[in-house]
>>> print(open('input20.pdb').read())   # PDB, C-alpha atoms
ATOM      1  CA  MET P   1      26.911  24.667  -1.013
ATOM      2  CA  ALA P   2      29.393  21.918  -1.820
ATOM      3  CA  GLY P   3      30.164  21.480   1.877
ATOM      4  CA  ALA P   4      26.466  21.307   2.750
ATOM      5  CA  PHE P   5      25.905  18.714   0.027
ATOM      6  CA  ARG P   6      28.802  16.592   1.329
ATOM      7  CA  ARG P   7      27.443  16.784   4.897
ATOM      8  CA  SER P   8      23.971  15.813   3.687
ATOM      9  CA  ALA P   9      25.331  12.880   1.689
ATOM     10  CA  ALA P  10      27.458  11.789   4.632
ATOM     11  CA  LEU P  11      24.468  11.891   6.985
ATOM     12  CA  GLN P  12      22.381   9.912   4.524
ATOM     13  CA  ALA P  13      25.100   7.300   4.171
ATOM     14  CA  MET P  14      25.543   7.128   7.970
ATOM     15  CA  ALA P  15      21.826   6.546   8.427
ATOM     16  CA  ALA P  16      21.771   3.889   5.727
ATOM     17  CA  PHE P  17      24.749   1.950   7.095
ATOM     18  CA  SER P  18      23.342   2.173  10.613
ATOM     19  CA  VAL P  19      20.058   0.746   9.376
ATOM     20  CA  LEU P  20      22.010  -2.004   7.637
ATOM     21  CA  ALA P  21      23.734  -2.837  10.903
ATOM     22  CA  LEU P  22      20.411  -2.987  12.708
ATOM     23  CA  VAL P  23      18.335  -4.968  10.276
ATOM     24  CA  VAL P  24      20.440  -6.865   7.757
ATOM     25  CA  PRO P  25      21.832  -9.568  10.103
ATOM     26  CA  ASP P  26      18.320 -10.917  10.549
ATOM     27  CA  GLN P  27      17.525 -11.167   6.839
ATOM     28  CA  VAL P  28      16.877 -14.580   5.381
ATOM     29  CA  GLN P  29      19.653 -15.780   3.107
ATOM     30  CA  GLY P  30      19.250 -17.597  -0.193
ATOM     31  CA  ARG P  31      17.464 -15.069  -2.368
ATOM     32  CA  GLY P  32      20.580 -14.644  -4.491
ATOM     33  CA  LYS P  33      19.333 -17.669  -6.460
ATOM     34  CA  CYS P  34      16.307 -15.664  -7.572
ATOM     35  CA  PRO P  35      17.168 -13.527 -10.607
ATOM     36  CA  SER P  36      14.962 -10.655 -11.705
ATOM     37  CA  PHE P  37      12.631 -11.215 -14.647
ATOM     38  CA  SER P  38      10.457  -9.396 -17.168
ATOM     39  CA  CYS P  39       6.687  -9.757 -17.097
ATOM     40  CA  GLY P  40       4.460  -8.169 -19.729
ATOM     41  CA  ARG P  41       5.607  -4.552 -20.043
ATOM     42  CA  LEU P  42       7.343  -4.671 -16.666
ATOM     43  CA  SER P  43      11.084  -5.227 -16.477
ATOM     44  CA  TYR P  44      13.518  -6.026 -13.653
ATOM     45  CA  VAL P  45      10.785  -7.591 -11.505
ATOM     46  CA  HIS P  46      12.032  -9.148  -8.274
ATOM     47  CA  PHE P  47      11.077  -9.808  -4.643
ATOM     48  CA  PRO P  48       8.346  -9.966  -3.382
ATOM     49  CA  PHE P  49       7.088 -11.104  -6.786
ATOM     50  CA  ARG P  50       7.534 -14.528  -8.291
ATOM     51  CA  ARG P  51       6.338 -16.597 -11.250
ATOM     52  CA  GLN P  52       4.716 -20.017 -11.298
ATOM     53  CA  GLY P  53       7.447 -22.627 -11.220
ATOM     54  CA  ASP P  54      10.029 -20.436  -9.481
ATOM     55  CA  PRO P  55      11.946 -22.063  -6.587
ATOM     56  CA  ALA P  56      10.076 -22.017  -3.272
ATOM     57  CA  GLU P  57      12.477 -19.489  -1.740
ATOM     58  CA  CYS P  58      11.802 -16.953  -4.492
ATOM     59  CA  GLY P  59       9.208 -14.301  -3.738
ATOM     60  CA  VAL P  60       5.983 -14.513  -1.752
ATOM     61  CA  PRO P  61       3.318 -16.990  -2.953
ATOM     62  CA  SER P  62       0.459 -14.482  -2.789
ATOM     63  CA  TYR P  63       2.482 -12.114  -5.021
ATOM     64  CA  GLU P  64       2.824 -14.587  -7.884
ATOM     65  CA  LEU P  65       2.488 -13.004 -11.326
ATOM     66  CA  THR P  66       1.243 -14.489 -14.580
ATOM     67  CA  CYS P  67       3.133 -13.190 -17.596
ATOM     68  CA  ALA P  68       1.414 -13.396 -20.972
ATOM     69  CA  ASP P  69       1.820 -11.309 -24.106
ATOM     70  CA  SER P  70       2.056  -7.667 -22.995
ATOM     71  CA  ASN P  71       0.310  -8.072 -19.649
ATOM     72  CA  ALA P  72       1.312  -8.950 -16.111
ATOM     73  CA  THR P  73      -1.574 -10.160 -13.955
ATOM     74  CA  ILE P  74      -2.082 -11.309 -10.393
ATOM     75  CA  GLN P  75      -4.843 -13.456  -8.924
ATOM     76  CA  ILE P  76      -6.317 -12.151  -5.656
ATOM     77  CA  ASP P  77      -9.021 -14.429  -4.294
ATOM     78  CA  LYS P  78     -11.214 -15.109  -7.344
ATOM     79  CA  ALA P  79     -10.438 -11.902  -9.229
ATOM     80  CA  THR P  80      -7.706 -11.206 -11.780
ATOM     81  CA  TYR P  81      -5.980  -7.809 -11.801
ATOM     82  CA  LEU P  82      -3.604  -6.192 -14.278
ATOM     83  CA  VAL P  83      -0.309  -5.105 -12.700
ATOM     84  CA  THR P  84       0.552  -1.901 -14.537
ATOM     85  CA  ASP P  85       3.361  -0.484 -12.373
ATOM     86  CA  ILE P  86       5.695  -1.523  -9.538
ATOM     87  CA  ASN P  87       7.208   1.115  -7.255
ATOM     88  CA  TYR P  88      10.083  -0.397  -5.269
ATOM     89  CA  SER P  89      11.005   2.879  -3.573
ATOM     90  CA  ASP P  90       7.557   3.368  -2.010
ATOM     91  CA  GLN P  91       6.853  -0.374  -1.768
ATOM     92  CA  TYR P  92       3.602  -0.692  -3.677
ATOM     93  CA  PHE P  93       2.294  -1.913  -7.030
ATOM     94  CA  TRP P  94      -0.629  -0.640  -9.097
ATOM     95  CA  LEU P  95      -3.652  -2.787  -9.956
ATOM     96  CA  VAL P  96      -6.560  -2.443 -12.364
ATOM     97  CA  ASP P  97      -9.431  -4.934 -12.427
ATOM     98  CA  ALA P  98      -8.858  -6.970 -15.594
ATOM     99  CA  SER P  99     -12.546  -7.854 -15.933
ATOM    100  CA  LEU P 100     -13.892  -4.322 -15.550
ATOM    101  CA  ASP P 101     -16.165  -3.766 -18.535
ATOM    102  CA  SER P 102     -15.941  -0.174 -19.743
ATOM    103  CA  ALA P 103     -19.158  -0.716 -21.685
ATOM    104  CA  ASN P 104     -21.007  -1.566 -18.483
ATOM    105  CA  ASN P 105     -22.587   1.640 -17.243
ATOM    106  CA  CYS P 106     -23.248   0.241 -13.776
ATOM    107  CA  PRO P 107     -20.289  -1.947 -12.686
ATOM    108  CA  LEU P 108     -19.559  -3.297  -9.218
ATOM    109  CA  PRO P 109     -16.049  -3.992  -7.885
ATOM    110  CA  ARG P 110     -14.729  -7.489  -7.111
ATOM    111  CA  TRP P 111     -12.235  -6.708  -4.347
ATOM    112  CA  SER P 112     -12.864  -9.046  -1.400
ATOM    113  CA  GLN P 113      -9.833  -8.601   0.873
ATOM    114  CA  THR P 114     -10.738  -7.408   4.369
ATOM    115  CA  PRO P 115      -9.074  -4.014   5.003
ATOM    116  CA  TYR P 116      -6.175  -4.210   7.440
ATOM    117  CA  ASN P 117      -6.508  -1.767  10.333
ATOM    118  CA  GLU P 118      -3.957  -1.847  13.150
ATOM    119  CA  ASN P 119      -6.374   0.023  15.427
ATOM    120  CA  TYR P 120      -8.897  -2.818  15.319
ATOM    121  CA  ARG P 121      -6.572  -5.666  16.328
ATOM    122  CA  LEU P 122      -7.803  -6.742  19.738
ATOM    123  CA  GLY P 123      -6.660  -8.880  22.623
ATOM    124  CA  GLU P 124      -3.527 -11.020  22.359
ATOM    125  CA  ASP P 125      -3.267 -10.450  18.621
ATOM    126  CA  SER P 126      -2.718  -6.712  19.168
ATOM    127  CA  HIS P 127       0.739  -7.481  20.610
ATOM    128  CA  ARG P 128       1.885  -9.721  17.757
ATOM    129  CA  ARG P 129       3.844  -8.571  14.750
ATOM    130  CA  VAL P 130       1.991 -10.306  11.957
ATOM    131  CA  GLN P 131       2.886 -10.227   8.288
ATOM    132  CA  VAL P 132       0.283  -8.357   6.292
ATOM    133  CA  GLN P 133      -0.052  -9.210   2.596
ATOM    134  CA  LEU P 134      -1.983  -7.640  -0.284
ATOM    135  CA  SER P 135      -3.102  -4.671   1.782
ATOM    136  CA  PRO P 136      -4.246  -1.659  -0.294
ATOM    137  CA  ASP P 137      -2.087   1.410   0.280
ATOM    138  CA  VAL P 138      -5.153   3.560   0.969
ATOM    139  CA  ASP P 139      -7.209   4.610   3.994
ATOM    140  CA  TRP P 140     -10.472   4.993   2.104
ATOM    141  CA  PHE P 141     -12.792   2.379   0.653
ATOM    142  CA  ALA P 142     -16.035   2.534  -1.291
ATOM    143  CA  THR P 143     -18.477   0.028   0.180
ATOM    144  CA  PHE P 144     -21.617  -1.055  -1.686
ATOM    145  CA  VAL P 145     -24.691  -2.201   0.231
ATOM    146  CA  LYS P 146     -28.102  -3.465  -0.853
ATOM    147  CA  CYS P 147     -31.048  -2.372   1.272
ATOM    148  CA  SER P 148     -34.694  -3.394   1.494
ATOM    149  CA  GLN P 149     -35.668   0.096   2.583
ATOM    150  CA  GLU P 150     -34.847   3.462   1.093
ATOM    151  CA  MET P 151     -32.464   5.556   3.182
ATOM    152  CA  ASN P 152     -33.458   8.939   4.518
ATOM    153  CA  SER P 153     -31.723  11.794   2.688
ATOM    154  CA  SER P 154     -30.255  12.950   6.020
ATOM    155  CA  ASN P 155     -27.988   9.876   6.010
ATOM    156  CA  VAL P 156     -25.239  11.576   4.004
ATOM    157  CA  MET P 157     -22.879   8.578   4.110
ATOM    158  CA  TYR P 158     -25.275   6.560   1.919
ATOM    159  CA  ARG P 159     -24.947   7.724  -1.708
ATOM    160  CA  PRO P 160     -27.608   6.190  -4.004
ATOM    161  CA  VAL P 161     -26.627   4.031  -6.994
ATOM    162  CA  ALA P 162     -29.673   4.708  -9.136
ATOM    163  CA  CYS P 163     -28.721   2.306 -11.927
ATOM    164  CA  ARG P 164     -28.821  -0.627  -9.451
ATOM    165  CA  ARG P 165     -32.194   0.197  -7.956
ATOM    166  CA  GLY P 166     -34.864  -2.529  -8.145
ATOM    167  CA  ASN P 167     -38.597  -2.635  -7.490
ATOM    168  CA  SER P 168     -38.082  -3.458  -3.824
ATOM    169  CA  SER P 169     -34.353  -2.970  -3.311
ATOM    170  CA  PHE P 170     -32.020  -0.008  -3.103
ATOM    171  CA  VAL P 171     -28.251   0.030  -3.648
ATOM    172  CA  TYR P 172     -25.987   2.600  -2.015
ATOM    173  CA  VAL P 173     -22.256   3.297  -1.943
ATOM    174  CA  LEU P 174     -20.580   4.480   1.260
ATOM    175  CA  THR P 175     -17.338   6.422   0.813
ATOM    176  CA  GLY P 176     -16.671   7.955   4.216
ATOM    177  CA  LEU P 177     -13.744   6.956   6.427
ATOM    178  CA  GLY P 178     -14.407   3.495   7.877
ATOM    179  CA  SER P 179     -17.332   2.956   5.514
ATOM    180  CA  TYR P 180     -16.695  -0.806   5.613
ATOM    181  CA  LEU P 181     -17.193  -1.063   9.396
ATOM    182  CA  ALA P 182     -20.263  -2.967  10.609
ATOM    183  CA  GLU P 183     -21.266  -0.016  12.808
ATOM    184  CA  ASN P 184     -22.112   1.944   9.631
ATOM    185  CA  LEU P 185     -24.420  -0.762   8.256
ATOM    186  CA  GLU P 186     -28.121   0.021   8.611
ATOM    187  CA  PRO P 187     -30.411  -2.841   9.824
ATOM    188  CA  SER P 188     -32.210  -3.139   6.480
ATOM    189  CA  CYS P 189     -28.961  -3.357   4.478
ATOM    190  CA  GLY P 190     -26.517  -6.097   3.573
ATOM    191  CA  TYR P 191     -22.967  -6.016   2.243
ATOM    192  CA  LEU P 192     -22.675  -6.181  -1.558
ATOM    193  CA  ALA P 193     -19.166  -5.213  -2.687
ATOM    194  CA  MET P 194     -16.130  -3.083  -1.812
ATOM    195  CA  THR P 195     -13.165  -1.432  -3.507
ATOM    196  CA  PRO P 196     -10.138   0.595  -2.396
ATOM    197  CA  LEU P 197     -10.627   4.233  -3.341
ATOM    198  CA  ALA P 198      -7.710   6.078  -4.959
ATOM    199  CA  LEU P 199      -8.647   9.223  -6.849
ATOM    200  CA  GLY P 200      -6.479  10.786  -9.540
ATOM    201  CA  GLY P 201      -4.935   7.662 -11.052
ATOM    202  CA  LEU P 202      -1.370   6.395 -10.809
ATOM    203  CA  GLU P 203       0.313   9.760 -11.377
ATOM    204  CA  ASN P 204      -1.616  11.789  -8.815
ATOM    205  CA  TRP P 205      -3.432   9.434  -6.447
ATOM    206  CA  ARG P 206      -1.873  10.475  -3.126
ATOM    207  CA  THR P 207      -2.406  14.203  -3.660
ATOM    208  CA  ALA P 208      -5.874  13.926  -5.218
ATOM    209  CA  THR P 209      -7.184  11.478  -2.614
ATOM    210  CA  ALA P 210      -5.832  13.536   0.289
ATOM    211  CA  ALA P 211      -7.399  16.723  -1.104
ATOM    212  CA  ALA P 212     -10.863  15.220  -1.677
ATOM    213  CA  THR P 213     -13.755  15.303   0.754
ATOM    214  CA  LEU P 214     -14.507  11.642   0.317
ATOM    215  CA  GLU P 215     -17.856  11.732   2.098
ATOM    216  CA  ASP P 216     -19.046  13.700  -0.944
ATOM    217  CA  VAL P 217     -17.688  11.268  -3.545
ATOM    218  CA  ASN P 218     -20.533   9.839  -5.628
ATOM    219  CA  TYR P 219     -20.934   6.613  -7.584
ATOM    220  CA  GLU P 220     -19.592   8.128 -10.817
ATOM    221  CA  ASP P 221     -16.382   9.103  -8.995
ATOM    222  CA  VAL P 222     -16.054   5.574  -7.623
ATOM    223  CA  VAL P 223     -16.443   4.046 -11.110
ATOM    224  CA  ARG P 224     -13.756   6.401 -12.422
ATOM    225  CA  SER P 225     -11.469   5.342  -9.571
ATOM    226  CA  MET P 226     -12.148   1.651 -10.319
ATOM    227  CA  SER P 227     -11.172   2.131 -13.976
ATOM    228  CA  GLU P 228      -7.931   3.941 -12.999
ATOM    229  CA  GLY P 229      -6.902   1.380 -10.369
ATOM    230  CA  PHE P 230      -5.319   1.503  -6.916
ATOM    231  CA  ALA P 231      -2.097   0.741  -5.055
ATOM    232  CA  VAL P 232      -1.403  -2.422  -3.042
ATOM    233  CA  ARG P 233       1.470  -2.619  -0.572
ATOM    234  CA  PHE P 234       4.335  -5.084  -0.524
ATOM    235  CA  PRO P 235       4.271  -7.539   2.419
ATOM    236  CA  PHE P 236       5.040  -5.839   5.727
ATOM    237  CA  ARG P 237       5.105  -6.700   9.404
ATOM    238  CA  SER P 238       2.716  -4.725  11.546
ATOM    239  CA  GLY P 239       3.742  -2.813  14.622
ATOM    240  CA  GLY P 240       7.489  -2.269  14.823
ATOM    241  CA  PHE P 241       9.590   0.388  13.108
ATOM    242  CA  ILE P 242      12.597  -1.941  12.827
ATOM    243  CA  ASP P 243      10.402  -4.731  11.460
ATOM    244  CA  CYS P 244       9.144  -2.269   8.882
ATOM    245  CA  LEU P 245      12.716  -1.444   7.827
ATOM    246  CA  ARG P 246      13.564  -5.147   7.617
ATOM    247  CA  GLY P 247      10.621  -5.674   5.299
ATOM    248  CA  LEU P 248      11.601  -2.777   3.031
ATOM    249  CA  ILE P 249      15.224  -3.845   2.769
ATOM    250  CA  SER P 250      14.415  -7.505   2.167
ATOM    251  CA  ASP P 251      13.254  -6.829  -1.396
ATOM    252  CA  SER P 252      16.852  -6.178  -2.478
ATOM    253  CA  SER P 253      18.424  -8.985  -0.428
ATOM    254  CA  GLY P 254      18.851 -11.193  -3.501
ATOM    255  CA  GLU P 255      21.081  -8.658  -5.216
ATOM    256  CA  PRO P 256      24.891  -8.324  -5.049
ATOM    257  CA  THR P 257      26.105  -6.628  -1.872
ATOM    258  CA  VAL P 258      27.373  -3.453  -3.581
ATOM    259  CA  TYR P 259      24.113  -2.943  -5.452
ATOM    260  CA  ARG P 260      22.116  -3.704  -2.299
ATOM    261  CA  ILE P 261      23.950  -0.997  -0.338
ATOM    262  CA  PHE P 262      23.451   1.456  -3.231
ATOM    263  CA  VAL P 263      19.676   0.797  -3.240
ATOM    264  CA  ILE P 264      19.405   1.272   0.535
ATOM    265  CA  VAL P 265      21.443   4.505   0.551
ATOM    266  CA  THR P 266      19.437   5.882  -2.388
ATOM    267  CA  ASN P 267      16.056   5.077  -0.843
ATOM    268  CA  ILE P 268      16.768   5.613   2.859
ATOM    269  CA  ASP P 269      14.591   8.762   3.008
ATOM    270  CA  SER P 270      11.644   6.867   1.527
ATOM    271  CA  TYR P 271      12.193   3.964   3.938
ATOM    272  CA  PHE P 272      12.077   6.254   6.981
ATOM    273  CA  SER P 273       9.009   8.027   5.626
ATOM    274  CA  ILE P 274       7.104   4.783   4.945
ATOM    275  CA  CYS P 275       7.905   3.257   8.329
ATOM    276  CA  GLY P 276       7.102   6.520  10.070
ATOM    277  CA  ARG P 277       3.623   6.473   8.501
ATOM    278  CA  HIS P 278       2.779   2.843   9.182
ATOM    279  CA  ALA P 279       4.629   1.742  12.321
ATOM    280  CA  THR P 280       2.551   1.777  15.511
ATOM    281  CA  GLN P 281       5.386   0.992  17.933
ATOM    282  CA  LEU P 282       8.219   3.384  18.824
ATOM    283  CA  PRO P 283      11.448   2.920  16.856
ATOM    284  CA  HIS P 284      14.768   1.990  18.405
ATOM    285  CA  PRO P 285      16.230   5.002  20.311
ATOM    286  CA  PHE P 286      19.322   4.991  18.086
ATOM    287  CA  VAL P 287      17.116   5.190  15.003
ATOM    288  CA  VAL P 288      15.252   8.142  16.536
ATOM    289  CA  LEU P 289      18.620   9.861  17.024
ATOM    290  CA  LEU P 290      19.524   9.258  13.385
ATOM    291  CA  MET P 291      16.204  10.730  12.317
ATOM    292  CA  LEU P 292      16.884  13.892  14.317
ATOM    293  CA  VAL P 293      20.446  14.495  13.078
ATOM    294  CA  PRO P 294      19.531  15.966   9.636
ATOM    295  CA  GLN P 295      16.961  18.301  11.223
ATOM    296  CA  THR P 296      19.560  19.419  13.765
ATOM    297  CA  PHE P 297      22.064  20.331  11.037
ATOM    298  CA  TRP P 298      19.340  22.206   9.140
ATOM    299  CA  ILE P 299      18.436  24.240  12.236
ATOM    300  CA  LEU P 300      22.114  25.055  12.855
ATOM    301  CA  ARG P 301      22.544  26.211   9.240
ATOM    302  CA  VAL P 302      19.482  28.452   9.540
ATOM    303  CA  ILE P 303      20.745  29.976  12.783
ATOM    304  CA  SER P 304      24.231  30.577  11.400
ATOM    305  CA  GLY P 305      22.799  31.987   8.175
ATOM    306  CA  THR P 306      24.762  29.613   5.919
TER     307      THR P 306
END
>>> encode(input="input20.pdb", output="structure tokens")
Amino acid sequence: MAGAFRRSAALQAMAAFSVLALVVPDQVQGRGKCPSFSCGRLSYVHFPFRRQGDPAECGVPSYELTCADSNATIQIDKATYLVTDINYSDQYFWLVDASLDSANNCPLPRWSQTPYNENYRLGEDSHRRVQVQLSPDVDWFATFVKCSQEMNSSNVMYRPVACRRGNSSFVYVLTGLGSYLAENLEPSCGYLAMTPLALGGLENWRTATAAATLEDVNYEDVVRSMSEGFAVRFPFRSGGFIDCLRGLISDSSGEPTVYRIFVIVTNIDSYFSICGRHATQLPHPFVVLLMLVPQTFWILRVISGT
């Protein structure tokens, strides 16, 4: 067992240092002048976040936090959200709409960011590696529409919001995959509001959302999801696996070298997993080889019975 553990640790370290060799030389220097800070109940906050008045090279402008009393908030378009958790390993932070009124029995969301979808980038732009910011770390959205005609019950994607119904208008929420796409909008309907959909709250959102049949999610489920919040990704570059790794590693580039290497070695499995999920271009052949090495050792151990 001890030998297997040492081999596993050695492989992990080899992968991490190889990734460092591939991606670190291209990292922007100068973030060492940006110390971490506390914000509300959050401690050790650092890149990509910043505060108003921080030097220009510190953090990403769209990830600027406001720190007051016990809360950390972020402004996205015209809405203010509470930042309740930051996960540096998986590269996301958790938001809850600060203006959501729990006493309101029929709330609507205020999220207005257009969902990022690599599959719908067309023409010349589909070959560019653009930086994507403030993208929800979800595949599902709840989209609210207001219609002048009542939908037929056979249209299962349209779930009625009875509390928003008027004398001559009907409000529906669409929760199926791609519900925000124009092709799902009926001629008598217009866009009203949208929110990322993450079921289960901060502790269980990936498992609960993946297990749900979201076409069957009703308005009450959407309101519960709105009150629990959703995850938003750190900035990332679309397309390339190596670009993805560069983006993940850059958040620790303001730290001392020894600590930076420790963070990368500790989180290398998460980095590979994240970039494997989101990258749409093939990784560098050497990186592919590194990804296969641990599986190869596992297969050999199984065959040998050790």
>>> residues_near_point(input="input20.pdb", point="(-13.6, -2.7, -8.9)", cutoff="12 Å", atoms="only C-alpha atoms", output="short mmCIF file (atom, residue, chain, number, x, y, z; two decimals) with C-alpha atoms, in the frame of the given file")
data_model
loop_
_atom_site.label_atom_id
_atom_site.label_comp_id
_atom_site.auth_asym_id
_atom_site.auth_seq_id
_atom_site.Cartn_x
_atom_site.Cartn_y
_atom_site.Cartn_z
CA ALA P 79 -10.44 -11.90 -9.23
CA THR P 80 -7.71 -11.21 -11.78
CA TYR P 81 -5.98 -7.81 -11.80
CA LEU P 82 -3.60 -6.19 -14.28
CA LEU P 95 -3.65 -2.79 -9.96
CA VAL P 96 -6.56 -2.44 -12.36
CA ASP P 97 -9.43 -4.93 -12.43
CA ALA P 98 -8.86 -6.97 -15.59
CA SER P 99 -12.55 -7.85 -15.93
CA LEU P 100 -13.89 -4.32 -15.55
CA ASP P 101 -16.16 -3.77 -18.54
CA SER P 102 -15.94 -0.17 -19.74
CA CYS P 106 -23.25 0.24 -13.78
CA PRO P 107 -20.29 -1.95 -12.69
CA LEU P 108 -19.56 -3.30 -9.22
CA PRO P 109 -16.05 -3.99 -7.88
CA ARG P 110 -14.73 -7.49 -7.11
CA TRP P 111 -12.24 -6.71 -4.35
CA SER P 112 -12.86 -9.05 -1.40
CA PHE P 141 -12.79 2.38 0.65
CA ALA P 142 -16.04 2.53 -1.29
CA THR P 143 -18.48 0.03 0.18
CA PHE P 144 -21.62 -1.06 -1.69
CA ALA P 193 -19.17 -5.21 -2.69
CA MET P 194 -16.13 -3.08 -1.81
CA THR P 195 -13.16 -1.43 -3.51
CA PRO P 196 -10.14 0.60 -2.40
CA LEU P 197 -10.63 4.23 -3.34
CA ALA P 198 -7.71 6.08 -4.96
CA TYR P 219 -20.93 6.61 -7.58
CA VAL P 222 -16.05 5.57 -7.62
CA VAL P 223 -16.44 4.05 -11.11
CA ARG P 224 -13.76 6.40 -12.42
CA SER P 225 -11.47 5.34 -9.57
CA MET P 226 -12.15 1.65 -10.32
CA SER P 227 -11.17 2.13 -13.98
CA GLU P 228 -7.93 3.94 -13.00
CA GLY P 229 -6.90 1.38 -10.37
CA PHE P 230 -5.32 1.50 -6.92
#
>>> closest_residue(input="input20.pdb", among="P:Gly201, P:Gly40, P:Gly176, P:Pro61", to="P:Tyr158", atoms="all atoms listed in the file")
P:Gly176
>>> resolve_selection(input="input20.pdb", expression="the PyMOL selection byres ((chain P and resi 85) around 9)", output="PyMOL selection string")
chain P and resi 41-42+83-84+86-87+92-95+202
>>> closest_residue(input="input20.pdb", among="P:Thr266, P:Val145, P:Val45, P:Trp205", to="P:Ala182", atoms="all atoms listed in the file")
P:Val145
>>> atom_distance(input="input20.pdb", atom1="atom CA of P:Leu199", atom2="atom CA of P:Trp140")
10.1 Å
>>> atom_distance(input="input20.pdb", atom1="atom CA of P:Val132", atom2="atom CA of P:Val60")
11.6 Å
>>> atom_distance(input="input20.pdb", atom1="atom CA of P:Asn155", atom2="atom CA of P:Pro136")
27.1 Å
